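Novice: Pasting a structure below so you can have a look.
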Amino acid sequence: MNTEEKNVRMDAGANGNEPWMDVSAAERQRQEYLKRKQEEQERKVTPAKIRNIFYLGIFLFLVCAVAATVMCFANGVTRIPRRQAKQQKLVSALNEVLPPYNNAILKTAESKENPGNIKSTLYTAKKDGKVAGYAVQISAPEGYGGKMEGLISFSPEGRVCSFVITEHSETPGLGSEVTDRKDVRTFATLFAEKKRKPFPENLPPGKVLDQFRSRSVKTAPWRLRTEGGDIDGRSGATISSKAVTLLASRAAEILKEKLQKEGKIK
Amino acid sequence: MNLWKDFSKGIWKENPVLVLMLGMCPSLATTSSGSNALGMGLATTFVLVCSNLAISSIRKIVPGKIRIPCYIVVIAAFVTVVDLLMQAYTGALYEALGIFIPLIVVNCIVLGRAEAFASKHGLLSSFMDGLGMGCGFTLALTIIGLIREFLSAGTLFNVLVSENYPVLFSVMGQAPGGFMVMGFILAGMNFLNMRKARKEGRDFVNPVDMDCKHCMICRITDEDK
């Protein structure tokens, strides 16, 4: 019998039990004692432990530093290509929502800062020097998944022609049903050639987005039916529908201001 | 042969969604249509393979006590870089898969495979494991997605099956429908597995520590015996 076990027996005896009668009780107490000792050992701060903690901390710091460096590097390298890709997307979106035009549309764009830190850009499309239409690019931070960005085009008289959401992070299948335009195809017509309707109905249908068509900016701001307006949202995606409505209303307000300034509408 | 096993276990025996019960949140959220489910599955497969390779290659230098934070940092950084690169150079692909990428950072399949497999196995095995798990994930998600899409909208991959299809269960397109379809698929899988086991004359047991009952929250099966 070694000293540890002797100690245990003495401890056990001091507690008033009779450990030599009950083997399991003695065993239990011995294990408790060993556990207590181990815990004490774990609690004790030794130089080796301090070194280990520092080592772990520094290792984790290094991992984070390397990861941050890699991310910074990737961000820097891809900044220009990302901007170019975005601009290309913007140009193709503008071509889709506007009637044919032949002026340098990006150069004559008017950027503006609106209340609520919302940036907007107004593009004026001209065909042979005559205004063919307007397009307003604007964002709404009220989307379900955060910021949503849209492009909405107007006729020269200020009626909505076409409306697309260019960037969003809505839930796929729910919120994205509001923001995305989708063709309805059947298996029978799957391989049939798709006929594109003339402008402004050239885009696939979008139930909420199409409700804004041919509304005049004079009637803005528009609201959802649940808030007393006449836009039908999609059930299950009220927040997305509301954000889309807000986005369109904001764009309309911007164009209304411009047209009023130019005296084209009252 | 061993590599084939690493690959194929992800598809049926240890399917991440249907057996391991990992990544429930994206599986239920993105399976409202077949094409969404497929997109999510493919994006996850790509990240899973790459993160498995990354974790497997650093597994020997990472101290055991801080391995989880290290893995999280590595995976998150990796996903961010992939996101940026896709945004810059693959416009069309980003259009299709971009919205799923941020969902993958917090997908526990990626971390789960890093911890359970890649941190203990070599590069090639980890690659096969990532690929197999990714395929199993994609397959399970696409099946759930197609069933839900058909029941809720009458379409398959956004193609209408029949012109005059009556729309029956719009609830299937929402979160409860996801649980229902998943439950039926799980029951079907268990039925098939049990029948196969009975034919071979043994009891069916899920892989050790892989079934849902090891969490001990609901010990129904143990009480019923």
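As shown in the structure tokens, the chain order sets the letters A, B, ...; within each chain, residues go from 1, and ligands are also counted from 1 in the order they appear.
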At a cut-off of 10 Å, which residues of chain A touch chain B? Count only C-alpha atoms and give the answer as a PDB file with C-alpha atoms, in the first residue's frame.

Specialist:
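The file below, result-v8.pdb, is the result:
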ATOM      1  CA  TYR A  55       2.254  29.773 -27.977  1.00  0.00           C
ATOM      2  CA  LEU A  56      -1.414  29.038 -28.720  1.00  0.00           C
ATOM      3  CA  GLY A  57      -2.289  32.730 -28.708  1.00  0.00           C
ATOM      4  CA  PHE A  59      -0.312  30.717 -33.329  1.00  0.00           C
ATOM      5  CA  LEU A  60      -3.934  31.801 -33.565  1.00  0.00           C
ATOM      6  CA  PHE A  61      -2.831  35.370 -34.155  1.00  0.00           C
ATOM      7  CA  LEU A  62      -0.567  34.223 -36.971  1.00  0.00           C
ATOM      8  CA  VAL A  63      -3.338  32.200 -38.575  1.00  0.00           C
ATOM      9  CA  CYS A  64      -5.662  35.216 -38.445  1.00  0.00           C
ATOM     10  CA  ALA A  65      -2.926  37.510 -39.762  1.00  0.00           C
ATOM     11  CA  VAL A  66      -2.204  35.217 -42.700  1.00  0.00           C
ATOM     12  CA  ALA A  67      -5.917  34.879 -43.465  1.00  0.00           C
ATOM     13  CA  ALA A  68      -6.394  38.662 -43.283  1.00  0.00           C
ATOM     14  CA  THR A  69      -3.403  39.247 -45.544  1.00  0.00           C
ATOM     15  CA  VAL A  70      -4.690  36.791 -48.105  1.00  0.00           C
ATOM     16  CA  MET A  71      -8.138  38.415 -48.044  1.00  0.00           C
ATOM     17  CA  CYS A  72      -6.668  41.935 -48.356  1.00  0.00           C
ATOM     18  CA  PHE A  73      -4.540  40.761 -51.246  1.00  0.00           C
ATOM     19  CA  ALA A  74      -7.486  39.131 -53.001  1.00  0.00           C
ATOM     20  CA  ASN A  75      -9.594  42.235 -52.425  1.00  0.00           C
ATOM     21  CA  GLY A  76      -6.911  44.480 -53.878  1.00  0.00           C
ATOM     22  CA  VAL A  77      -6.206  42.292 -56.887  1.00  0.00           C
ATOM     23  CA  THR A  78      -9.843  41.838 -57.821  1.00  0.00           C
ATOM     24  CA  ARG A  79     -10.953  45.416 -57.193  1.00  0.00           C
ATOM     25  CA  ILE A  80     -10.557  46.635 -60.780  1.00  0.00           C
ATOM     26  CA  PRO A  81     -11.883  43.472 -62.503  1.00  0.00           C
ATOM     27  CA  ARG A  82     -14.842  43.468 -60.126  1.00  0.00           C
ATOM     28  CA  ARG A  83     -15.647  47.077 -60.975  1.00  0.00           C
ATOM     29  CA  GLN A  84     -15.336  46.322 -64.687  1.00  0.00           C
ATOM     30  CA  ALA A  85     -17.591  43.283 -64.389  1.00  0.00           C
ATOM     31  CA  LYS A  86     -20.132  45.386 -62.522  1.00  0.00           C
ATOM     32  CA  GLN A  88     -20.470  45.652 -67.936  1.00  0.00           C
ATOM     33  CA  LYS A  89     -23.470  44.262 -66.114  1.00  0.00           C
ATOM     34  CA  GLU A 167     -28.405  43.221 -57.183  1.00  0.00           C
ATOM     35  CA  HIS A 168     -29.979  41.674 -54.128  1.00  0.00           C
ATOM     36  CA  SER A 169     -29.417  39.095 -51.435  1.00  0.00           C
ATOM     37  CA  GLU A 170     -32.996  37.945 -50.837  1.00  0.00           C
ATOM     38  CA  THR A 171     -33.810  34.389 -49.802  1.00  0.00           C
ATOM     39  CA  PRO A 172     -33.725  32.132 -52.857  1.00  0.00           C
ATOM     40  CA  GLY A 173     -37.219  30.897 -53.642  1.00  0.00           C
ATOM     41  CA  LEU A 174     -39.027  33.419 -51.473  1.00  0.00           C
ATOM     42  CA  LYS A 182     -38.440  34.483 -64.733  1.00  0.00           C
ATOM     43  CA  ASP A 183     -39.714  32.880 -67.885  1.00  0.00           C
ATOM     44  CA  VAL A 184     -42.468  30.302 -67.517  1.00  0.00           C
ATOM     45  CA  ARG A 185     -41.683  27.391 -69.788  1.00  0.00           C
ATOM     46  CA  THR A 186     -43.355  24.041 -70.233  1.00  0.00           C
ATOM     47  CA  PHE A 187     -41.821  20.780 -71.371  1.00  0.00           C
ATOM     48  CA  ALA A 188     -43.862  21.038 -74.560  1.00  0.00           C
ATOM     49  CA  THR A 189     -42.301  24.363 -75.514  1.00  0.00           C
ATOM     50  CA  LEU A 190     -38.927  23.772 -73.906  1.00  0.00           C
ATOM     51  CA  GLY A 236     -44.316  35.167 -47.507  1.00  0.00           C
TER      52      GLY A 236
END

Novice: Near Ile138 in chain A, within 6 Å and counting only C-alpha atoms, which residues show up once chain neighbours fewer than 5 positions away are dropped, as a list in words?

Specialist: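 Within the cut-off, the hits are Ser120, Glu149 and Gly150 of chain A.
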
Novice: Take the residues from that selection and write them out as a tab-separated table (two decimals), in the first residue's frame, keeping N, CA and C atoms.

Specialist:
chain	number	residue	atom	x	y	z
A	120	SER	N	-27.95	57.58	-55.79
A	120	SER	CA	-28.74	57.28	-56.97
A	120	SER	C	-28.03	57.86	-58.19
A	149	GLU	N	-30.43	46.56	-55.12
A	149	GLU	CA	-30.17	47.63	-56.08
A	149	GLU	C	-31.00	47.41	-57.32
A	150	GLY	N	-31.60	48.46	-57.82
A	150	GLY	CA	-32.48	48.28	-58.96
A	150	GLY	C	-32.28	49.33	-60.03

Novice: Neighbouring residues of Thr138 in chain B were defined as those with any atom within 9 Å, considering only C-alpha atoms; residues of the same chain fewer than 6 positions away were excluded. Please report them as a PyMOL selection string.

Specialist: chain B and resi 37-42+44-45

Novice: Write the residues of the selection above to a file with N, CA, C and O atoms, as a PDB file, in the first residue's frame.

Specialist:
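That gives us result_31.pdb:
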ATOM      1  N   ALA B  37     -31.636  24.401 -55.264  1.00  0.00           N
ATOM      2  CA  ALA B  37     -31.004  23.328 -54.512  1.00  0.00           C
ATOM      3  C   ALA B  37     -29.740  22.868 -55.223  1.00  0.00           C
ATOM      4  O   ALA B  37     -28.697  22.667 -54.603  1.00  0.00           O
ATOM      5  N   LEU B  38     -29.832  22.734 -56.550  1.00  0.00           N
ATOM      6  CA  LEU B  38     -28.673  22.299 -57.316  1.00  0.00           C
ATOM      7  C   LEU B  38     -27.547  23.326 -57.204  1.00  0.00           C
ATOM      8  O   LEU B  38     -26.378  22.967 -56.999  1.00  0.00           O
ATOM      9  N   GLY B  39     -27.887  24.605 -57.305  1.00  0.00           N
ATOM     10  CA  GLY B  39     -26.875  25.658 -57.201  1.00  0.00           C
ATOM     11  C   GLY B  39     -26.170  25.627 -55.859  1.00  0.00           C
ATOM     12  O   GLY B  39     -24.947  25.659 -55.769  1.00  0.00           O
ATOM     13  N   MET B  40     -26.983  25.532 -54.794  1.00  0.00           N
ATOM     14  CA  MET B  40     -26.410  25.476 -53.447  1.00  0.00           C
ATOM     15  C   MET B  40     -25.512  24.255 -53.302  1.00  0.00           C
ATOM     16  O   MET B  40     -24.415  24.335 -52.743  1.00  0.00           O
ATOM     17  N   GLY B  41     -25.976  23.117 -53.826  1.00  0.00           N
ATOM     18  CA  GLY B  41     -25.193  21.884 -53.708  1.00  0.00           C
ATOM     19  C   GLY B  41     -23.860  22.004 -54.419  1.00  0.00           C
ATOM     20  O   GLY B  41     -22.821  21.647 -53.860  1.00  0.00           O
ATOM     21  N   LEU B  42     -23.873  22.544 -55.637  1.00  0.00           N
ATOM     22  CA  LEU B  42     -22.624  22.648 -56.397  1.00  0.00           C
ATOM     23  C   LEU B  42     -21.653  23.613 -55.725  1.00  0.00           C
ATOM     24  O   LEU B  42     -20.453  23.321 -55.609  1.00  0.00           O
ATOM     25  N   THR B  44     -21.506  24.386 -52.572  1.00  0.00           N
ATOM     26  CA  THR B  44     -20.989  23.758 -51.356  1.00  0.00           C
ATOM     27  C   THR B  44     -19.957  22.696 -51.685  1.00  0.00           C
ATOM     28  O   THR B  44     -18.938  22.580 -51.000  1.00  0.00           O
ATOM     29  N   THR B  45     -20.207  21.908 -52.726  1.00  0.00           N
ATOM     30  CA  THR B  45     -19.248  20.867 -53.108  1.00  0.00           C
ATOM     31  C   THR B  45     -17.890  21.479 -53.394  1.00  0.00           C
ATOM     32  O   THR B  45     -16.860  20.994 -52.908  1.00  0.00           O
TER      33      THR B  45
END

Novice: What residues in range 71-206 of chain A get the DSSP label strand (DSSP E or B)? Please answer as a PyMOL selection string.

Specialist: chain A and resi 110-114+118-127+130-143+146-154+159-167+185-186

Novice: Would you please work out which residue, of A:Glu177, A:Asp128, A:Glu27, A:Glu42, is nearest to Gly206 in chain A when using only C-alpha atoms?

Specialist: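 Looking at the shortest contact to Gly206 in chain A, the residue is A:Glu177.
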
Novice: For CA of Ala48 in chain A and CA of Ile58 in chain B, determine how far apart the two atoms are, in Å to one decimal place.

Specialist: 24.8 Å

Novice: If I take CA of Val110 in chain B and CA of Gly143 in chain A, how far is one from the other in Å, to one decimal?

Specialist: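 These atoms are spaced 27.9 Å apart.
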